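work27.cif (mmCIF, C-alpha atoms) appears below.
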data_final
loop_
_atom_site.label_atom_id
_atom_site.label_comp_id
_atom_site.auth_asym_id
_atom_site.auth_seq_id
_atom_site.Cartn_x
_atom_site.Cartn_y
_atom_site.Cartn_z
CA MET A 1 91.53 -132.24 10.29
CA THR A 2 89.25 -132.91 7.33
CA GLY A 3 88.47 -136.35 8.72
CA ARG A 4 87.53 -134.86 12.10
CA LEU A 5 85.26 -132.28 10.48
CA ASN A 6 83.54 -134.96 8.41
CA LYS A 7 82.98 -137.12 11.48
CA LEU A 8 81.51 -134.23 13.49
CA GLN A 9 79.32 -133.25 10.57
CA GLN A 10 78.04 -136.82 10.33
CA ASP A 11 77.40 -136.87 14.08
CA LEU A 12 75.27 -133.73 13.71
CA LYS A 13 73.30 -135.31 10.86
CA ASN A 14 72.66 -138.41 12.96
CA ILE A 15 71.38 -136.32 15.86
CA GLU A 16 69.16 -134.30 13.51
CA THR A 17 67.70 -137.53 12.14
CA GLU A 18 66.94 -138.69 15.68
CA VAL A 19 65.30 -135.34 16.45
CA ALA A 20 63.13 -135.56 13.32
CA ASN A 21 62.03 -139.08 14.32
CA LEU A 22 61.33 -137.90 17.86
CA ALA A 23 59.31 -134.98 16.49
CA GLU A 24 57.07 -137.43 14.67
CA LYS A 25 56.57 -139.47 17.85
CA MET A 26 55.76 -136.35 19.85
CA ARG A 27 53.33 -135.16 17.20
CA GLU A 28 51.37 -138.40 17.42
CA LYS A 29 51.60 -138.66 21.19
CA TYR A 30 50.34 -135.11 21.71
CA ARG A 31 47.51 -135.73 19.26
CA ILE A 32 46.34 -138.69 21.36
CA TYR A 33 46.89 -136.79 24.60
CA LEU A 34 44.94 -133.72 23.51
CA ASP A 35 42.07 -135.85 22.26
CA LEU A 36 41.83 -137.51 25.68
CA LEU A 37 42.34 -134.18 27.45
CA GLY A 38 39.38 -132.70 25.59
CA GLU A 39 37.11 -135.54 26.66
CA SER A 40 38.33 -135.44 30.26
CA LEU A 41 38.07 -131.65 30.44
CA TYR A 42 34.44 -131.74 29.33
CA LYS A 43 33.49 -134.32 31.96
CA GLN A 44 35.47 -132.83 34.82
CA ALA A 45 34.34 -129.27 34.09
CA ILE A 46 30.71 -130.39 34.41
CA GLY A 47 31.61 -132.32 37.57
CA ALA A 48 33.24 -129.22 39.10
CA VAL A 49 30.15 -127.11 38.34
CA TYR A 50 27.99 -129.83 39.88
CA TYR A 51 29.96 -129.56 43.12
CA ILE A 52 29.73 -125.77 43.07
CA CYS A 53 25.96 -125.87 42.60
CA THR A 54 25.28 -128.60 45.16
CA ARG A 55 27.90 -128.55 47.90
CA TYR A 56 29.02 -124.95 47.96
CA TYR A 57 26.10 -122.89 46.66
CA GLY A 58 23.18 -125.27 46.96
CA GLY A 59 20.82 -122.59 48.24
CA GLU A 60 21.57 -120.29 45.31
CA PHE A 61 21.03 -123.12 42.85
CA LEU A 62 17.73 -124.10 44.44
CA ALA A 63 16.62 -120.48 44.16
CA LEU A 64 16.73 -120.77 40.36
CA SER A 65 13.65 -121.76 38.44
CA HIS A 66 13.67 -125.14 36.69
CA SER A 67 14.11 -123.48 33.30
CA ASN A 68 17.01 -121.35 34.54
CA ARG A 69 18.73 -124.42 35.97
CA GLN A 70 18.44 -126.11 32.61
CA LYS A 71 19.66 -122.98 30.86
CA LEU A 72 22.76 -122.84 33.07
CA GLN A 73 23.48 -126.53 32.49
CA GLU A 74 23.14 -126.16 28.72
CA GLU A 75 25.48 -123.14 28.72
CA ILE A 76 28.10 -125.05 30.71
CA LYS A 77 27.87 -128.02 28.36
CA ALA A 78 28.23 -125.74 25.32
CA LEU A 79 31.34 -124.08 26.79
CA GLY A 80 32.81 -127.50 27.59
CA GLN A 81 32.22 -128.73 24.06
CA GLU A 82 33.91 -125.63 22.62
CA ALA A 83 36.99 -126.15 24.80
CA LYS A 84 37.06 -129.86 23.90
CA ALA A 85 36.99 -129.02 20.19
CA SER A 86 39.72 -126.41 20.64
CA LEU A 87 42.06 -128.92 22.29
CA GLN A 88 41.41 -131.57 19.66
CA GLN A 89 41.96 -129.03 16.89
CA LEU A 90 45.18 -127.95 18.57
CA GLY A 91 46.39 -131.54 18.46
CA GLU A 92 45.56 -131.92 14.78
CA GLN A 93 46.95 -128.57 13.59
CA SER A 94 49.90 -127.70 15.79
CA PHE A 95 51.81 -130.86 14.90
CA ASP A 96 50.69 -131.13 11.30
CA ARG A 97 53.34 -133.04 9.33
CA GLY A 98 53.58 -130.46 6.58
CA ALA A 99 53.49 -127.40 8.83
CA PHE A 100 55.63 -128.40 11.81
CA SER A 101 57.69 -125.24 11.39
CA GLY A 102 54.62 -123.09 11.87
CA VAL A 103 53.62 -124.27 15.33
CA GLY A 104 52.49 -121.31 17.38
CA PHE A 105 52.76 -118.79 14.55
CA SER A 106 49.89 -118.81 12.08
CA LYS A 107 47.47 -120.56 14.43
CA SER A 108 48.01 -118.62 17.66
CA PRO A 109 47.93 -114.80 17.48
CA ALA A 110 49.23 -114.44 21.02
CA GLU A 111 52.24 -116.61 20.26
CA THR A 112 52.84 -114.96 16.90
CA LYS A 113 53.18 -111.60 18.60
CA ASN A 114 55.63 -112.95 21.17
CA THR A 115 57.74 -115.18 18.94
CA PRO A 116 61.43 -114.24 19.22
CA ASP A 117 62.90 -112.80 16.02
CA PHE A 118 65.77 -115.28 16.12
CA LEU A 119 63.30 -118.16 15.92
CA LYS A 120 61.49 -116.68 12.92
CA LEU A 121 64.82 -116.21 11.15
CA PHE A 122 65.88 -119.73 12.09
CA LEU A 123 62.76 -121.29 10.65
CA ASP A 124 63.21 -119.34 7.42
CA LYS A 125 66.43 -121.24 6.76
CA ARG A 126 65.77 -124.42 4.86
CA GLU A 127 68.77 -126.26 6.33
CA ASN A 128 67.12 -126.19 9.75
CA LEU A 129 64.19 -128.30 8.58
CA ALA A 130 64.26 -131.91 7.51
CA ALA A 131 63.30 -132.75 3.95
CA THR A 132 59.81 -133.73 5.09
CA GLY A 133 59.22 -130.29 6.57
CA GLU A 134 59.60 -131.59 10.14
CA ILE A 135 61.93 -129.94 12.59
CA ASN A 136 65.32 -131.57 13.04
CA ASN A 137 66.75 -129.06 15.52
CA PRO A 138 66.12 -129.86 19.21
CA ASP A 139 65.84 -126.19 20.21
CA ILE A 140 63.01 -125.56 17.78
CA LEU A 141 61.22 -128.78 18.68
CA LEU A 142 61.45 -127.84 22.36
CA TYR A 143 60.03 -124.39 21.64
CA CYS A 144 57.12 -125.84 19.66
CA CYS A 145 56.26 -128.22 22.49
CA ARG A 146 56.34 -125.39 25.01
CA VAL A 147 54.02 -123.33 22.83
CA LEU A 148 51.63 -126.26 22.68
CA GLU A 149 51.69 -126.74 26.46
CA LYS A 150 51.09 -123.02 26.98
CA ASN A 151 48.16 -123.06 24.57
CA CYS A 152 46.62 -125.97 26.52
CA ILE A 153 46.79 -124.00 29.77
CA GLU A 154 45.30 -120.95 28.07
CA ILE A 155 42.34 -123.02 26.87
CA LEU A 156 41.77 -124.41 30.38
CA ASN A 157 42.01 -120.95 31.96
CA HIS A 158 39.69 -119.46 29.36
CA LEU A 159 37.08 -122.14 30.04
CA SER A 160 37.42 -121.59 33.80
CA LYS A 161 36.79 -117.85 33.39
CA GLN A 162 33.82 -118.41 31.08
CA ILE A 163 32.20 -120.85 33.51
CA ASN A 164 32.69 -118.50 36.46
CA GLN A 165 31.07 -115.71 34.45
CA GLN A 166 28.06 -117.90 33.75
CA LEU A 167 27.81 -118.81 37.43
CA GLN A 168 27.82 -115.14 38.32
CA LYS A 169 25.16 -114.36 35.73
CA ALA A 170 23.01 -117.11 37.24
CA TYR A 171 23.56 -115.64 40.75
CA ILE A 172 25.30 -118.81 41.91
CA LEU A 173 28.52 -116.92 42.59
CA PRO A 174 28.20 -113.38 44.03
CA PRO A 175 27.24 -111.27 40.98
CA HIS A 176 28.71 -108.06 42.39
CA LEU A 177 32.18 -109.61 42.76
CA PRO A 178 34.31 -108.16 39.93
CA SER A 179 35.12 -110.94 37.48
CA GLN A 180 38.67 -109.58 37.27
CA ILE A 181 39.29 -110.80 40.82
CA LEU A 182 38.46 -114.38 39.85
CA ASP A 183 40.48 -114.06 36.64
CA MET A 184 43.51 -112.80 38.57
CA ALA A 185 43.16 -115.65 41.04
CA ILE A 186 43.21 -118.15 38.17
CA GLU A 187 46.33 -116.55 36.69
CA ALA A 188 48.01 -116.49 40.11
CA GLY A 189 47.27 -120.17 40.52
CA GLU A 190 49.10 -120.92 37.26
CA GLU A 191 52.12 -119.00 38.55
CA GLY A 192 52.40 -121.38 41.47
CA GLN A 193 50.66 -119.41 44.22
CA SER A 194 48.56 -121.71 46.39
CA LEU A 195 44.93 -120.68 46.56
CA GLY A 196 43.52 -123.79 48.16
CA GLY A 197 40.63 -125.55 46.55
CA GLY A 198 41.32 -128.83 44.81
CA ASN A 199 38.95 -130.73 42.54
CA ASN A 200 39.46 -128.01 39.93
CA MET A 201 38.32 -125.26 42.27
CA LEU A 202 39.89 -122.26 43.94
CA ASN A 203 39.11 -120.51 47.21
CA ILE A 204 39.62 -116.81 47.69
CA LEU A 205 38.81 -114.37 50.47
CA VAL A 206 37.46 -111.00 49.38
CA GLU A 207 36.63 -107.88 51.31
CA ALA A 208 34.88 -105.03 49.54
CA LYS A 209 32.31 -102.36 50.16
CA ASN A 210 30.38 -100.41 47.59
CA PRO A 211 28.44 -97.61 49.31
CA GLU A 212 26.36 -97.00 46.20
CA LEU A 213 25.25 -100.61 46.01
CA GLU A 214 24.75 -100.70 49.78
CA GLU A 215 22.36 -97.77 49.49
CA GLU A 216 20.45 -99.51 46.70
CA LYS A 217 20.27 -102.66 48.81
CA ASP A 218 18.63 -100.78 51.67
CA GLU A 219 15.91 -99.63 49.31
CA ASP A 220 15.04 -103.06 47.93
CA ASP A 221 12.76 -105.65 49.51
CA GLY A 222 15.56 -107.47 51.31
CA ASP A 223 15.78 -110.44 48.98
CA GLU A 224 19.56 -110.12 48.50
CA ASP A 225 21.28 -113.43 49.21
CA GLU A 226 23.68 -113.82 52.14
CA ASP A 227 26.90 -113.93 50.10
CA ASN A 228 26.03 -110.69 48.34
CA ARG A 229 25.09 -109.02 51.66
CA ASP A 230 28.48 -110.02 53.03
CA PHE A 231 30.24 -108.75 49.94
CA LEU A 232 28.42 -105.43 49.87
CA SER A 233 28.80 -104.80 53.58
CA GLY A 234 32.58 -105.13 53.47
CA LYS A 235 32.67 -108.41 55.40
CA VAL A 236 35.43 -110.86 54.47
CA THR A 237 33.78 -113.49 52.32
CA LYS A 238 35.06 -116.83 51.10
CA VAL A 239 34.30 -117.46 47.44
CA THR A 240 34.76 -120.85 45.82
CA ALA A 241 34.99 -120.79 42.03
CA ILE A 242 36.12 -122.95 39.11
CA HIS A 243 39.79 -123.32 38.18
CA LEU A 244 40.46 -126.22 35.82
CA ARG A 245 44.07 -127.37 36.24
CA MET A 246 46.05 -129.71 34.03
CA ALA A 247 47.57 -131.62 36.96
CA GLU A 248 44.18 -132.28 38.56
CA LEU A 249 42.62 -133.35 35.28
CA GLU A 250 45.45 -135.84 34.79
CA PHE A 251 45.30 -137.08 38.38
CA ALA A 252 41.61 -137.89 38.04
CA ASP A 253 41.95 -139.65 34.67
CA ALA A 254 44.15 -142.75 34.54
CA ARG A 255 44.36 -142.81 30.73
CA LEU A 256 45.39 -139.16 30.65
CA SER A 257 48.01 -139.77 33.32
CA VAL A 258 49.53 -142.62 31.33
CA GLU A 259 49.78 -140.46 28.21
CA ARG A 260 51.37 -137.63 30.20
CA ASN A 261 54.02 -139.99 31.59
CA GLN A 262 54.85 -141.11 28.06
CA ILE A 263 55.14 -137.47 26.96
CA ARG A 264 57.53 -136.82 29.87
CA SER A 265 59.66 -139.70 28.64
CA LEU A 266 59.81 -138.13 25.16
CA TRP A 267 60.78 -134.78 26.71
CA GLU A 268 63.66 -136.52 28.51
CA GLN A 269 64.85 -137.95 25.19
CA LEU A 270 64.61 -134.49 23.64
CA ASN A 271 66.68 -132.96 26.45
CA ARG A 272 69.37 -135.60 26.00
CA LEU A 273 69.47 -135.03 22.25
CA GLY A 274 69.66 -131.29 22.86
CA GLU A 275 72.69 -131.70 25.11
CA GLN A 276 74.40 -133.93 22.53
CA TYR A 277 73.55 -131.54 19.73
CA HIS A 278 75.03 -128.49 21.47
CA ARG A 279 78.15 -130.39 22.49
CA VAL A 280 78.84 -131.69 18.97
CA ARG A 281 77.91 -128.32 17.46
CA LYS A 282 80.46 -126.61 19.68
CA GLU A 283 83.15 -129.15 18.78
CA TYR A 284 82.34 -128.70 15.10
CA THR A 285 82.64 -124.91 15.35
CA ILE A 286 85.99 -125.25 17.16
CA ALA A 287 87.27 -127.67 14.53
CA GLN A 288 86.20 -125.30 11.75
CA ALA A 289 87.95 -122.37 13.45
CA GLU A 290 91.14 -124.39 13.94
CA ALA A 291 91.12 -125.41 10.28
CA ALA A 292 90.53 -121.80 9.19
CA TRP A 293 93.41 -120.61 11.40
CA ARG A 294 95.81 -123.14 9.91
CA SER A 295 94.74 -122.38 6.36
CA SER A 296 95.58 -118.70 6.75
CA TRP A 297 98.70 -119.00 8.93
CA TYR A 298 102.17 -118.84 7.45
CA ASP A 299 105.65 -118.29 8.89
#
Written as C-alpha cells, how would this file's structure read?
Amino acid sequence: MTGRLNKLQQDLKNIETEVANLAEKMREKYRIYLDLLGESLYKQAIGAVYYICTRYYGGEFLALSHSNRQKLQEEIKALGQEAKASLQQLGEQSFDRGAFSGVGFSKSPAETKNTPDFLKLFLDKRENLAATGEINNPDILLYCCRVLEKNCIEILNHLSKQINQQLQKAYILPPHLPSQILDMAIEAGEEGQSLGGGNNMLNILVEAKNPELEEEKDEDDGDEDEDNRDFLSGKVTKVTAIHLRMAELEFADARLSVERNQIRSLWEQLNRLGEQYHRVRKEYTIAQAEAAWRSSWYD
C-alpha cells in the first residue's frame, strides 16, 4: 500500500510540474497575443468608425465643421490608444512570474469582488504554488486564464461604449437615443444574441417617442436631422453602432488568428492535464482512505 501511495504521489508531482511549465508557456503566449490584440484593436476601431462616418452616417459627418471632424478623430484615436495600453498592461501584469497567484485579484476590482472564497483560501496555501510562485494546479491556472479572457472582453466592450458615446456627442449617432440601449445591445451581443452587423458593428431597431422633446422640436427652426426626427416621432429606426468583438478582430488579422490558435492548443493541453490530475487525485484519496481503514481495523 505504501508503494502505491508513493507512486500516486509522484504522479501528482509530475502533473504539477507539467502544469507549472504550461503556465509559463501560457504567460508568454498571452503576452504576445495581447500585444498584438492591442495593435489590431486600435487599427480596427478606427476602421469601424471610418465606416460609420462614411457609409452609414455620411450626411451627419459632412454636417460637422472641419475642426469638429478633427476633434472627433483625435478623441477616437485617444480612446483607442488607451485601450491598446490597457491590453498590453494586462499581458505584462496578469501573468507576472512572481505574482501568478494574484491574477484577477489585486489588479481587477471587479474580479476581486467576485472571486470565490474557496479560490482565495486555495491560493493562501503554499503547497498549491510551485516554488517559483507559479501555479501548479490546473484548476487555478484555468481560472486565471478565464479571468484574463473576461478582462479582454471588458476592455473591448468599454471601448465600444466610449466610441458610441463620442459619436452621439458629435451628432453622428442619434443624440437623443439613450446610451443605455446601445450598452445593453453590446452586452447582449456578448451573451450570444445575434444583433446583425459584422465588421465590428451592431444593428438595432428602436422605437421611442418623447412628447416633451417632440414639442421642443416643433418650436425650433427645423434643422433636426432625419434620424432624430424618426426617433422622436416614434418611428422604428435602424441604428448602426460600434461593437468591437474578439472573434472579428482575430478574423481580420492573420497574426492574431495564428496566436489564438496556439492559445487554443495550450488550453487543450491544460484540459488534458486537468483530467489526469483529478483522476490521480481521486485515486490517491481512495488509497489514503484504504490505508487509514486498515491501520485502525482489528479483529
(request) Point out the residue among A:Leu202, A:Glu187, A:Thr285, A:Ala83 with the least atom-to-atom distance to A:Glu39, counting all atoms listed in the file. (result) A:Ala83
(message) Given all atoms listed in the file as the basis, pick out the residue of A:Glu283, A:Asp139, A:Glu248, A:Glu28 nearest to A:Glu16.
(response)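 Of A:Glu283, A:Asp139, A:Glu248, A:Glu28, the one nearest A:Glu16 is A:Asp139, counting all atoms listed in the file.
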(request) Go through the shown structure with the PyMOL selection byres ((chain A and resi 287) around 12) and write out the matching residues as number ranges by chain. (result) A: 1-9, 280-286, 288-294
Selection above as a file: C-alpha atoms, as a compact mmCIF listing (two decimals), in the coordinates of the input:
# COMPACT_ATOMS: atom_id res chain seq x y z
CA MET A 1 91.53 -132.24 10.29
CA THR A 2 89.25 -132.91 7.33
CA GLY A 3 88.47 -136.35 8.72
CA ARG A 4 87.53 -134.86 12.10
CA LEU A 5 85.26 -132.28 10.48
CA ASN A 6 83.54 -134.96 8.41
CA LYS A 7 82.98 -137.12 11.48
CA LEU A 8 81.51 -134.23 13.49
CA GLN A 9 79.32 -133.25 10.57
CA VAL A 280 78.84 -131.69 18.97
CA ARG A 281 77.91 -128.32 17.46
CA LYS A 282 80.46 -126.61 19.68
CA GLU A 283 83.15 -129.15 18.78
CA TYR A 284 82.34 -128.70 15.10
CA THR A 285 82.64 -124.91 15.35
CA ILE A 286 85.99 -125.25 17.16
CA GLN A 288 86.20 -125.30 11.75
CA ALA A 289 87.95 -122.37 13.45
CA GLU A 290 91.14 -124.39 13.94
CA ALA A 291 91.12 -125.41 10.28
CA ALA A 292 90.53 -121.80 9.19
CA TRP A 293 93.41 -120.61 11.40
CA ARG A 294 95.81 -123.14 9.91
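The interatomic distance for the pair atom CA of A:Val258 and atom CA of A:Ile186 works out to 26.2 Å.
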(message) Could you tell me how far atom CA of A:His243 sits from atom CA of A:Glu154, in Å to one decimal place?
(response) 11.8 Å
(request) In Å, rounded to a single decimal, give me how far atom CA of A:Cys152 is from atom CA of A:Arg69. (result)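 These atoms are spaced 29.5 Å apart.
Using all atoms listed in the file, the shortest contact distance between A:Ile181 and any of A:Cys145, A:Ala241, A:Val236, A:Ala63 is found at A:Ala241.
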(request) Excluding A:Ile163 and residues on its chain fewer than 4 positions from it, collect all residues at most 8 Å away from it, counting only C-alpha atoms, and give them as a PyMOL selection string. (result) chain A and resi 76+79+159+167+242
Residue subset to file, keeping C-alpha atoms, as a short mmCIF file (atom, residue, chain, number, x, y, z; two decimals), in the frame of the given file:
data_model
loop_
_atom_site.label_atom_id
_atom_site.label_comp_id
_atom_site.auth_asym_id
_atom_site.auth_seq_id
_atom_site.Cartn_x
_atom_site.Cartn_y
_atom_site.Cartn_z
CA ILE A 76 28.10 -125.05 30.71
CA LEU A 79 31.34 -124.08 26.79
CA LEU A 159 37.08 -122.14 30.04
CA LEU A 167 27.81 -118.81 37.43
CA ILE A 242 36.12 -122.95 39.11
#
(message) For a quick check of understanding, using only C-alpha atoms, which of A:Val239, A:Leu72, A:Val147, A:Ala188 has the smallest distance to A:Val206?
(response)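 That would be A:Val239, the residue with the smallest distance to A:Val206.
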(request) Give me the result of the PyMOL selection byres ((chain A and resi 49-51) around 10) on this file, residue by residue, as a PyMOL selection string. (result) chain A and resi 44-48+52-58+73+76+163-164+167+199-201+241-242
Please return stretch 251-268 of chain A, rebuilt to N, CA, C and O atoms, as a tab-separated table (two decimals), keeping the file's coordinate frame.
chain	number	residue	atom	x	y	z
A	251	PHE	N	45.36	-136.25	37.18
A	251	PHE	CA	45.30	-137.08	38.38
A	251	PHE	C	44.00	-137.87	38.44
A	251	PHE	O	43.97	-139.01	38.90
A	252	ALA	N	42.93	-137.26	37.96
A	252	ALA	CA	41.61	-137.89	38.04
A	252	ALA	C	41.31	-138.82	36.86
A	252	ALA	O	40.28	-139.50	36.86
A	253	ASP	N	42.19	-138.84	35.88
A	253	ASP	CA	41.95	-139.65	34.67
A	253	ASP	C	43.17	-140.53	34.42
A	253	ASP	O	44.23	-140.04	34.02
A	254	ALA	N	43.01	-141.83	34.65
A	254	ALA	CA	44.15	-142.75	34.54
A	254	ALA	C	44.73	-142.77	33.12
A	254	ALA	O	45.95	-142.81	32.95
A	255	ARG	N	43.87	-142.77	32.12
A	255	ARG	CA	44.36	-142.81	30.73
A	255	ARG	C	45.18	-141.56	30.42
A	255	ARG	O	46.23	-141.63	29.77
A	256	LEU	N	44.70	-140.42	30.88
A	256	LEU	CA	45.39	-139.16	30.65
A	256	LEU	C	46.74	-139.15	31.35
A	256	LEU	O	47.74	-138.67	30.82
A	257	SER	N	46.77	-139.71	32.55
A	257	SER	CA	48.01	-139.77	33.32
A	257	SER	C	49.05	-140.64	32.63
A	257	SER	O	50.24	-140.30	32.59
A	258	VAL	N	48.61	-141.74	32.05
A	258	VAL	CA	49.53	-142.62	31.33
A	258	VAL	C	50.13	-141.90	30.12
A	258	VAL	O	51.35	-141.96	29.88
A	259	GLU	N	49.30	-141.19	29.38
A	259	GLU	CA	49.78	-140.46	28.21
A	259	GLU	C	50.76	-139.36	28.62
A	259	GLU	O	51.76	-139.13	27.95
A	260	ARG	N	50.47	-138.67	29.73
A	260	ARG	CA	51.37	-137.63	30.20
A	260	ARG	C	52.74	-138.21	30.58
A	260	ARG	O	53.77	-137.60	30.28
A	261	ASN	N	52.75	-139.36	31.23
A	261	ASN	CA	54.02	-139.99	31.59
A	261	ASN	C	54.83	-140.35	30.34
A	261	ASN	O	56.06	-140.22	30.33
A	262	GLN	N	54.16	-140.79	29.30
A	262	GLN	CA	54.85	-141.11	28.06
A	262	GLN	C	55.40	-139.85	27.39
A	262	GLN	O	56.49	-139.87	26.81
A	263	ILE	N	54.66	-138.75	27.49
A	263	ILE	CA	55.14	-137.47	26.96
A	263	ILE	C	56.38	-137.00	27.73
A	263	ILE	O	57.34	-136.51	27.15
A	264	ARG	N	56.35	-137.19	29.06
A	264	ARG	CA	57.53	-136.82	29.87
A	264	ARG	C	58.76	-137.60	29.43
A	264	ARG	O	59.86	-137.06	29.38
A	265	SER	N	58.55	-138.87	29.10
A	265	SER	CA	59.66	-139.70	28.64
A	265	SER	C	60.24	-139.16	27.33
A	265	SER	O	61.46	-139.13	27.14
A	266	LEU	N	59.35	-138.70	26.43
A	266	LEU	CA	59.81	-138.13	25.16
A	266	LEU	C	60.54	-136.81	25.40
A	266	LEU	O	61.53	-136.50	24.71
A	267	TRP	N	60.09	-136.02	26.37
A	267	TRP	CA	60.78	-134.78	26.71
A	267	TRP	C	62.19	-135.07	27.22
A	267	TRP	O	63.14	-134.34	26.91
A	268	GLU	N	62.34	-136.14	28.01
A	268	GLU	CA	63.66	-136.52	28.51
A	268	GLU	C	64.59	-136.89	27.35
A	268	GLU	O	65.77	-136.51	27.34
